[in-house]
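Below is target-v9.cif, holding mmCIF, C-alpha atoms.
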```cif
data_upload
loop_
_atom_site.label_atom_id
_atom_site.label_comp_id
_atom_site.auth_asym_id
_atom_site.auth_seq_id
_atom_site.Cartn_x
_atom_site.Cartn_y
_atom_site.Cartn_z
CA MET A 255 -22.77 -58.90 24.75
CA ILE A 256 -24.97 -60.44 22.08
CA VAL A 257 -24.79 -63.89 23.64
CA THR A 258 -25.27 -64.35 27.37
CA LEU A 259 -23.37 -66.84 29.48
CA LYS A 260 -26.61 -68.78 29.98
CA GLU A 261 -27.21 -69.01 26.19
CA ALA A 262 -23.64 -70.08 25.53
CA LYS A 263 -23.74 -72.77 28.21
CA LYS A 264 -27.02 -74.09 26.85
CA TYR A 265 -25.55 -74.19 23.31
CA LEU A 266 -22.42 -75.94 24.62
CA ARG A 267 -24.53 -78.26 26.80
CA VAL A 268 -22.50 -77.29 29.84
CA ASP A 269 -24.48 -77.62 33.05
CA PHE A 270 -21.74 -76.84 35.59
CA ASP A 271 -20.19 -73.55 36.67
CA ASP A 272 -16.49 -74.49 36.64
CA ASP A 273 -15.88 -73.11 33.13
CA ASP A 274 -17.94 -69.91 33.43
CA THR A 275 -14.90 -67.61 33.37
CA ILE A 276 -13.39 -69.17 30.28
CA ILE A 277 -16.75 -69.28 28.49
CA ARG A 278 -17.21 -65.54 29.19
CA LYS A 279 -13.77 -64.89 27.67
CA PHE A 280 -14.65 -67.02 24.64
CA ILE A 281 -17.87 -65.02 24.17
CA LYS A 282 -15.89 -61.75 24.12
CA ALA A 283 -13.30 -63.25 21.77
CA ALA A 284 -16.01 -64.62 19.48
CA GLU A 285 -17.76 -61.25 19.29
CA THR A 286 -14.46 -59.55 18.46
CA LEU A 287 -13.74 -62.14 15.76
CA CYS A 288 -17.21 -61.64 14.26
CA GLU A 289 -16.81 -57.85 14.27
CA GLY A 290 -13.48 -58.23 12.48
CA THR A 291 -14.94 -60.66 9.99
CA LEU A 292 -17.97 -58.45 9.36
CA ARG A 293 -15.80 -55.34 9.26
CA LYS A 294 -18.37 -53.55 11.41
CA ALA A 295 -19.76 -53.63 14.93
CA VAL A 296 -21.83 -56.71 15.61
CA GLU A 297 -25.55 -55.99 15.80
CA PRO A 298 -28.07 -58.28 17.45
CA LEU A 299 -29.03 -60.07 14.24
CA THR A 300 -29.87 -63.76 14.21
CA ILE A 301 -26.99 -64.68 11.92
CA ASN A 302 -24.55 -62.84 14.16
CA ARG A 303 -25.81 -64.73 17.22
CA VAL A 304 -25.30 -68.00 15.33
CA ALA A 305 -21.80 -66.98 14.30
CA VAL A 306 -20.88 -65.98 17.85
CA LEU A 307 -22.23 -69.24 19.26
CA PHE A 308 -20.35 -71.20 16.59
CA ALA A 309 -17.11 -69.39 17.46
CA VAL A 310 -17.63 -69.91 21.20
CA ALA A 311 -18.23 -73.63 20.62
CA TYR A 312 -15.15 -73.91 18.40
CA LEU A 313 -12.94 -72.11 20.94
CA TYR A 314 -14.35 -74.17 23.81
CA GLU A 315 -13.93 -77.50 22.06
CA HIS A 316 -10.47 -76.67 20.69
CA ARG A 317 -9.13 -74.62 23.60
CA GLU A 318 -5.83 -76.50 23.58
CA ASN A 319 -5.20 -76.36 19.81
CA ALA A 320 -7.56 -73.91 18.10
CA ASP A 321 -6.79 -73.26 14.43
CA MET A 322 -7.65 -69.58 14.13
CA ASP A 323 -7.32 -69.65 10.33
CA GLU A 324 -9.93 -72.39 10.11
CA LEU A 325 -12.23 -70.55 12.51
CA THR A 326 -11.87 -67.29 10.57
CA ARG A 327 -12.65 -69.08 7.28
CA MET A 328 -15.78 -70.62 8.77
CA LEU A 329 -16.92 -67.26 10.16
CA ARG A 330 -16.45 -65.71 6.71
CA TYR A 331 -18.79 -68.35 5.27
CA ILE A 332 -21.37 -67.87 8.02
CA LEU A 333 -21.25 -64.07 7.80
CA ALA A 334 -20.76 -63.71 4.04
CA THR A 335 -24.09 -62.00 3.39
CA GLU A 336 -23.53 -59.43 6.14
CA ARG A 337 -19.84 -58.74 5.51
CA GLU A 338 -18.77 -55.25 4.43
CA VAL A 339 -16.43 -54.92 1.45
CA ALA A 340 -13.98 -52.80 3.46
CA PHE A 341 -13.75 -50.90 6.74
#
```

What is this file in structure tokens?
Amino acid sequence: MIVTLKEAKKYLRVDFDDDDTIIRKFIKAAETLCEGTLRKAVEPLTINRVAVLFAVAYLYEHRENADMDELTRMLRYILATEREVAF
């Protein structure tokens, strides 16, 4: 994982352990979304870490009604300079 649970919780400003399981799942989902958006495996680059943290925060804050199209559009903007033309 590019982003650790500790990093994600700090970014989310979560200081309790009740949501650790769901945050771990959001980290995995965010990394998968970033890989799909980049059209390549995520490498530990700063921009990728930012994109993963953004996606984790979006999924955490909108866990009841996440708009995946909106999230994907935002990730495309964040990752535009790193994105491959095709797989």

Once you count only C-alpha atoms, what closest atom pair and distance in Å to one decimal does each residue of region 257-322 of chain A within 9 Å of region 332-335 of chain A have, with rows by chain and rising residue number, as CSV?
```
residue,atom,partner,partner_atom,distance
A:Cys288,CA,A:Leu333,CA,8.0
A:Thr291,CA,A:Leu333,CA,7.5
A:Leu292,CA,A:Leu333,CA,6.7
A:Ile301,CA,A:Leu333,CA,7.1
A:Asn302,CA,A:Leu333,CA,7.3
A:Val304,CA,A:Ile332,CA,8.3
A:Ala305,CA,A:Ile332,CA,6.4
```

I'd like the residues picked by the PyMOL selection byres ((chain A and resi 255) around 8) written out as a PDB file with C-alpha atoms, keeping the file's coordinate frame, using the chain letters and numbers from the file.
```pdb
ATOM      1  CA  ILE A 256     -24.970 -60.440  22.080  1.00  0.00           C
ATOM      2  CA  VAL A 257     -24.790 -63.890  23.640  1.00  0.00           C
ATOM      3  CA  THR A 258     -25.270 -64.350  27.370  1.00  0.00           C
ATOM      4  CA  ILE A 281     -17.870 -65.020  24.170  1.00  0.00           C
ATOM      5  CA  LYS A 282     -15.890 -61.750  24.120  1.00  0.00           C
ATOM      6  CA  GLU A 285     -17.760 -61.250  19.290  1.00  0.00           C
TER       7      GLU A 285
END
```

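Matched in the shown structure by the PyMOL selection byres ((chain A and resi 278) around 10): Met255, Val257, Thr258, Leu259, Lys260, Ala262, Lys263, Asp273, Asp274, Thr275, Ile276, Ile277, Lys279, Phe280, Ile281, Lys282, Ala283, Ala284 and Val310 of chain A.
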
Check: What gap, in Å, lies between CA of Val306 (chain A) and CA of Gly290 (chain A)?
Finding: 12.0 Å

Check: Do you know which residues are at most 10 Å from Val339 (chain A) counting only C-alpha atoms, after dropping those on the same chain fewer than 2 positions away, and could you put them as a PyMOL selection string?
Finding: chain A and resi 292-293+336-337+341

Check: Quick one: distance from CA of Leu299 (chain A) to CA of Ala311 (chain A) in Å, one decimal?
Finding: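 Calculated distance between CA of Leu299 (chain A) and CA of Ala311 (chain A) is 18.5 Å.
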
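Picture a line from CA of Phe308 (chain A) to CA of Tyr331 (chain A); it runs 11.8 Å.
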
Reconstruct N, CA, C and O atoms of region 302-327 of chain A from the incomplete input and present them as a PDB file, keeping the file's coordinate frame.
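Dumped everything to rebuild.pdb:
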```pdb
ATOM      1  N   ASN A 302     -25.686 -63.180  13.319  1.00  0.00           N
ATOM      2  CA  ASN A 302     -24.550 -62.840  14.160  1.00  0.00           C
ATOM      3  C   ASN A 302     -24.536 -63.680  15.440  1.00  0.00           C
ATOM      4  O   ASN A 302     -23.491 -64.113  15.880  1.00  0.00           O
ATOM      5  N   ARG A 303     -25.707 -63.902  16.012  1.00  0.00           N
ATOM      6  CA  ARG A 303     -25.810 -64.730  17.220  1.00  0.00           C
ATOM      7  C   ARG A 303     -25.325 -66.156  16.889  1.00  0.00           C
ATOM      8  O   ARG A 303     -24.587 -66.759  17.652  1.00  0.00           O
ATOM      9  N   VAL A 304     -25.727 -66.665  15.753  1.00  0.00           N
ATOM     10  CA  VAL A 304     -25.300 -68.000  15.330  1.00  0.00           C
ATOM     11  C   VAL A 304     -23.791 -68.042  15.157  1.00  0.00           C
ATOM     12  O   VAL A 304     -23.130 -68.984  15.592  1.00  0.00           O
ATOM     13  N   ALA A 305     -23.240 -67.022  14.516  1.00  0.00           N
ATOM     14  CA  ALA A 305     -21.800 -66.980  14.300  1.00  0.00           C
ATOM     15  C   ALA A 305     -21.042 -66.905  15.618  1.00  0.00           C
ATOM     16  O   ALA A 305     -20.028 -67.586  15.802  1.00  0.00           O
ATOM     17  N   VAL A 306     -21.534 -66.095  16.541  1.00  0.00           N
ATOM     18  CA  VAL A 306     -20.880 -65.980  17.850  1.00  0.00           C
ATOM     19  C   VAL A 306     -20.950 -67.311  18.589  1.00  0.00           C
ATOM     20  O   VAL A 306     -19.945 -67.775  19.141  1.00  0.00           O
ATOM     21  N   LEU A 307     -22.107 -67.947  18.593  1.00  0.00           N
ATOM     22  CA  LEU A 307     -22.230 -69.240  19.260  1.00  0.00           C
ATOM     23  C   LEU A 307     -21.328 -70.290  18.615  1.00  0.00           C
ATOM     24  O   LEU A 307     -20.709 -71.102  19.312  1.00  0.00           O
ATOM     25  N   PHE A 308     -21.241 -70.274  17.279  1.00  0.00           N
ATOM     26  CA  PHE A 308     -20.350 -71.200  16.590  1.00  0.00           C
ATOM     27  C   PHE A 308     -18.905 -70.973  17.034  1.00  0.00           C
ATOM     28  O   PHE A 308     -18.178 -71.927  17.344  1.00  0.00           O
ATOM     29  N   ALA A 309     -18.487 -69.708  17.068  1.00  0.00           N
ATOM     30  CA  ALA A 309     -17.110 -69.390  17.460  1.00  0.00           C
ATOM     31  C   ALA A 309     -16.836 -69.775  18.908  1.00  0.00           C
ATOM     32  O   ALA A 309     -15.766 -70.310  19.223  1.00  0.00           O
ATOM     33  N   VAL A 310     -17.791 -69.521  19.790  1.00  0.00           N
ATOM     34  CA  VAL A 310     -17.630 -69.910  21.200  1.00  0.00           C
ATOM     35  C   VAL A 310     -17.466 -71.429  21.292  1.00  0.00           C
ATOM     36  O   VAL A 310     -16.575 -71.933  21.995  1.00  0.00           O
ATOM     37  N   ALA A 311     -18.308 -72.162  20.588  1.00  0.00           N
ATOM     38  CA  ALA A 311     -18.230 -73.630  20.620  1.00  0.00           C
ATOM     39  C   ALA A 311     -16.890 -74.112  20.078  1.00  0.00           C
ATOM     40  O   ALA A 311     -16.265 -75.011  20.647  1.00  0.00           O
ATOM     41  N   TYR A 312     -16.428 -73.503  18.981  1.00  0.00           N
ATOM     42  CA  TYR A 312     -15.150 -73.910  18.400  1.00  0.00           C
ATOM     43  C   TYR A 312     -14.021 -73.647  19.404  1.00  0.00           C
ATOM     44  O   TYR A 312     -13.176 -74.525  19.637  1.00  0.00           O
ATOM     45  N   LEU A 313     -14.001 -72.455  19.980  1.00  0.00           N
ATOM     46  CA  LEU A 313     -12.940 -72.110  20.940  1.00  0.00           C
ATOM     47  C   LEU A 313     -12.998 -73.008  22.175  1.00  0.00           C
ATOM     48  O   LEU A 313     -11.962 -73.416  22.700  1.00  0.00           O
ATOM     49  N   TYR A 314     -14.199 -73.326  22.630  1.00  0.00           N
ATOM     50  CA  TYR A 314     -14.350 -74.170  23.810  1.00  0.00           C
ATOM     51  C   TYR A 314     -13.885 -75.601  23.531  1.00  0.00           C
ATOM     52  O   TYR A 314     -13.149 -76.184  24.326  1.00  0.00           O
ATOM     53  N   GLU A 315     -14.292 -76.122  22.401  1.00  0.00           N
ATOM     54  CA  GLU A 315     -13.930 -77.500  22.060  1.00  0.00           C
ATOM     55  C   GLU A 315     -12.455 -77.660  21.676  1.00  0.00           C
ATOM     56  O   GLU A 315     -11.882 -78.726  21.851  1.00  0.00           O
ATOM     57  N   HIS A 316     -11.864 -76.615  21.142  1.00  0.00           N
ATOM     58  CA  HIS A 316     -10.470 -76.670  20.690  1.00  0.00           C
ATOM     59  C   HIS A 316      -9.568 -75.759  21.513  1.00  0.00           C
ATOM     60  O   HIS A 316      -8.591 -75.218  20.998  1.00  0.00           O
ATOM     61  N   ARG A 317      -9.876 -75.597  22.786  1.00  0.00           N
ATOM     62  CA  ARG A 317      -9.130 -74.620  23.600  1.00  0.00           C
ATOM     63  C   ARG A 317      -7.648 -74.920  23.703  1.00  0.00           C
ATOM     64  O   ARG A 317      -6.855 -74.030  23.928  1.00  0.00           O
ATOM     65  N   GLU A 318      -7.249 -76.137  23.514  1.00  0.00           N
ATOM     66  CA  GLU A 318      -5.830 -76.500  23.580  1.00  0.00           C
ATOM     67  C   GLU A 318      -5.117 -76.311  22.239  1.00  0.00           C
ATOM     68  O   GLU A 318      -3.912 -76.098  22.205  1.00  0.00           O
ATOM     69  N   ASN A 319      -5.851 -76.402  21.124  1.00  0.00           N
ATOM     70  CA  ASN A 319      -5.200 -76.360  19.810  1.00  0.00           C
ATOM     71  C   ASN A 319      -6.088 -75.723  18.738  1.00  0.00           C
ATOM     72  O   ASN A 319      -6.246 -76.265  17.652  1.00  0.00           O
ATOM     73  N   ALA A 320      -6.655 -74.580  19.047  1.00  0.00           N
ATOM     74  CA  ALA A 320      -7.560 -73.910  18.100  1.00  0.00           C
ATOM     75  C   ALA A 320      -6.789 -73.444  16.862  1.00  0.00           C
ATOM     76  O   ALA A 320      -5.719 -72.864  16.971  1.00  0.00           O
ATOM     77  N   ASP A 321      -7.341 -73.723  15.706  1.00  0.00           N
ATOM     78  CA  ASP A 321      -6.790 -73.260  14.430  1.00  0.00           C
ATOM     79  C   ASP A 321      -7.548 -71.998  14.045  1.00  0.00           C
ATOM     80  O   ASP A 321      -8.653 -72.058  13.508  1.00  0.00           O
ATOM     81  N   MET A 322      -6.965 -70.851  14.332  1.00  0.00           N
ATOM     82  CA  MET A 322      -7.650 -69.580  14.130  1.00  0.00           C
ATOM     83  C   MET A 322      -7.914 -69.308  12.648  1.00  0.00           C
ATOM     84  O   MET A 322      -8.901 -68.654  12.307  1.00  0.00           O
ATOM     85  N   ASP A 323      -7.069 -69.805  11.761  1.00  0.00           N
ATOM     86  CA  ASP A 323      -7.320 -69.650  10.330  1.00  0.00           C
ATOM     87  C   ASP A 323      -8.588 -70.391   9.916  1.00  0.00           C
ATOM     88  O   ASP A 323      -9.410 -69.877   9.167  1.00  0.00           O
ATOM     89  N   GLU A 324      -8.732 -71.599  10.416  1.00  0.00           N
ATOM     90  CA  GLU A 324      -9.930 -72.390  10.110  1.00  0.00           C
ATOM     91  C   GLU A 324     -11.178 -71.696  10.672  1.00  0.00           C
ATOM     92  O   GLU A 324     -12.199 -71.585   9.985  1.00  0.00           O
ATOM     93  N   LEU A 325     -11.095 -71.229  11.898  1.00  0.00           N
ATOM     94  CA  LEU A 325     -12.230 -70.550  12.510  1.00  0.00           C
ATOM     95  C   LEU A 325     -12.598 -69.288  11.727  1.00  0.00           C
ATOM     96  O   LEU A 325     -13.771 -69.046  11.441  1.00  0.00           O
ATOM     97  N   THR A 326     -11.609 -68.511  11.336  1.00  0.00           N
ATOM     98  CA  THR A 326     -11.870 -67.290  10.570  1.00  0.00           C
ATOM     99  C   THR A 326     -12.510 -67.614   9.223  1.00  0.00           C
ATOM    100  O   THR A 326     -13.444 -66.928   8.796  1.00  0.00           O
ATOM    101  N   ARG A 327     -12.034 -68.664   8.553  1.00  0.00           N
ATOM    102  CA  ARG A 327     -12.650 -69.080   7.280  1.00  0.00           C
ATOM    103  C   ARG A 327     -14.118 -69.449   7.474  1.00  0.00           C
ATOM    104  O   ARG A 327     -14.982 -69.055   6.690  1.00  0.00           O
TER     105      ARG A 327
END
```
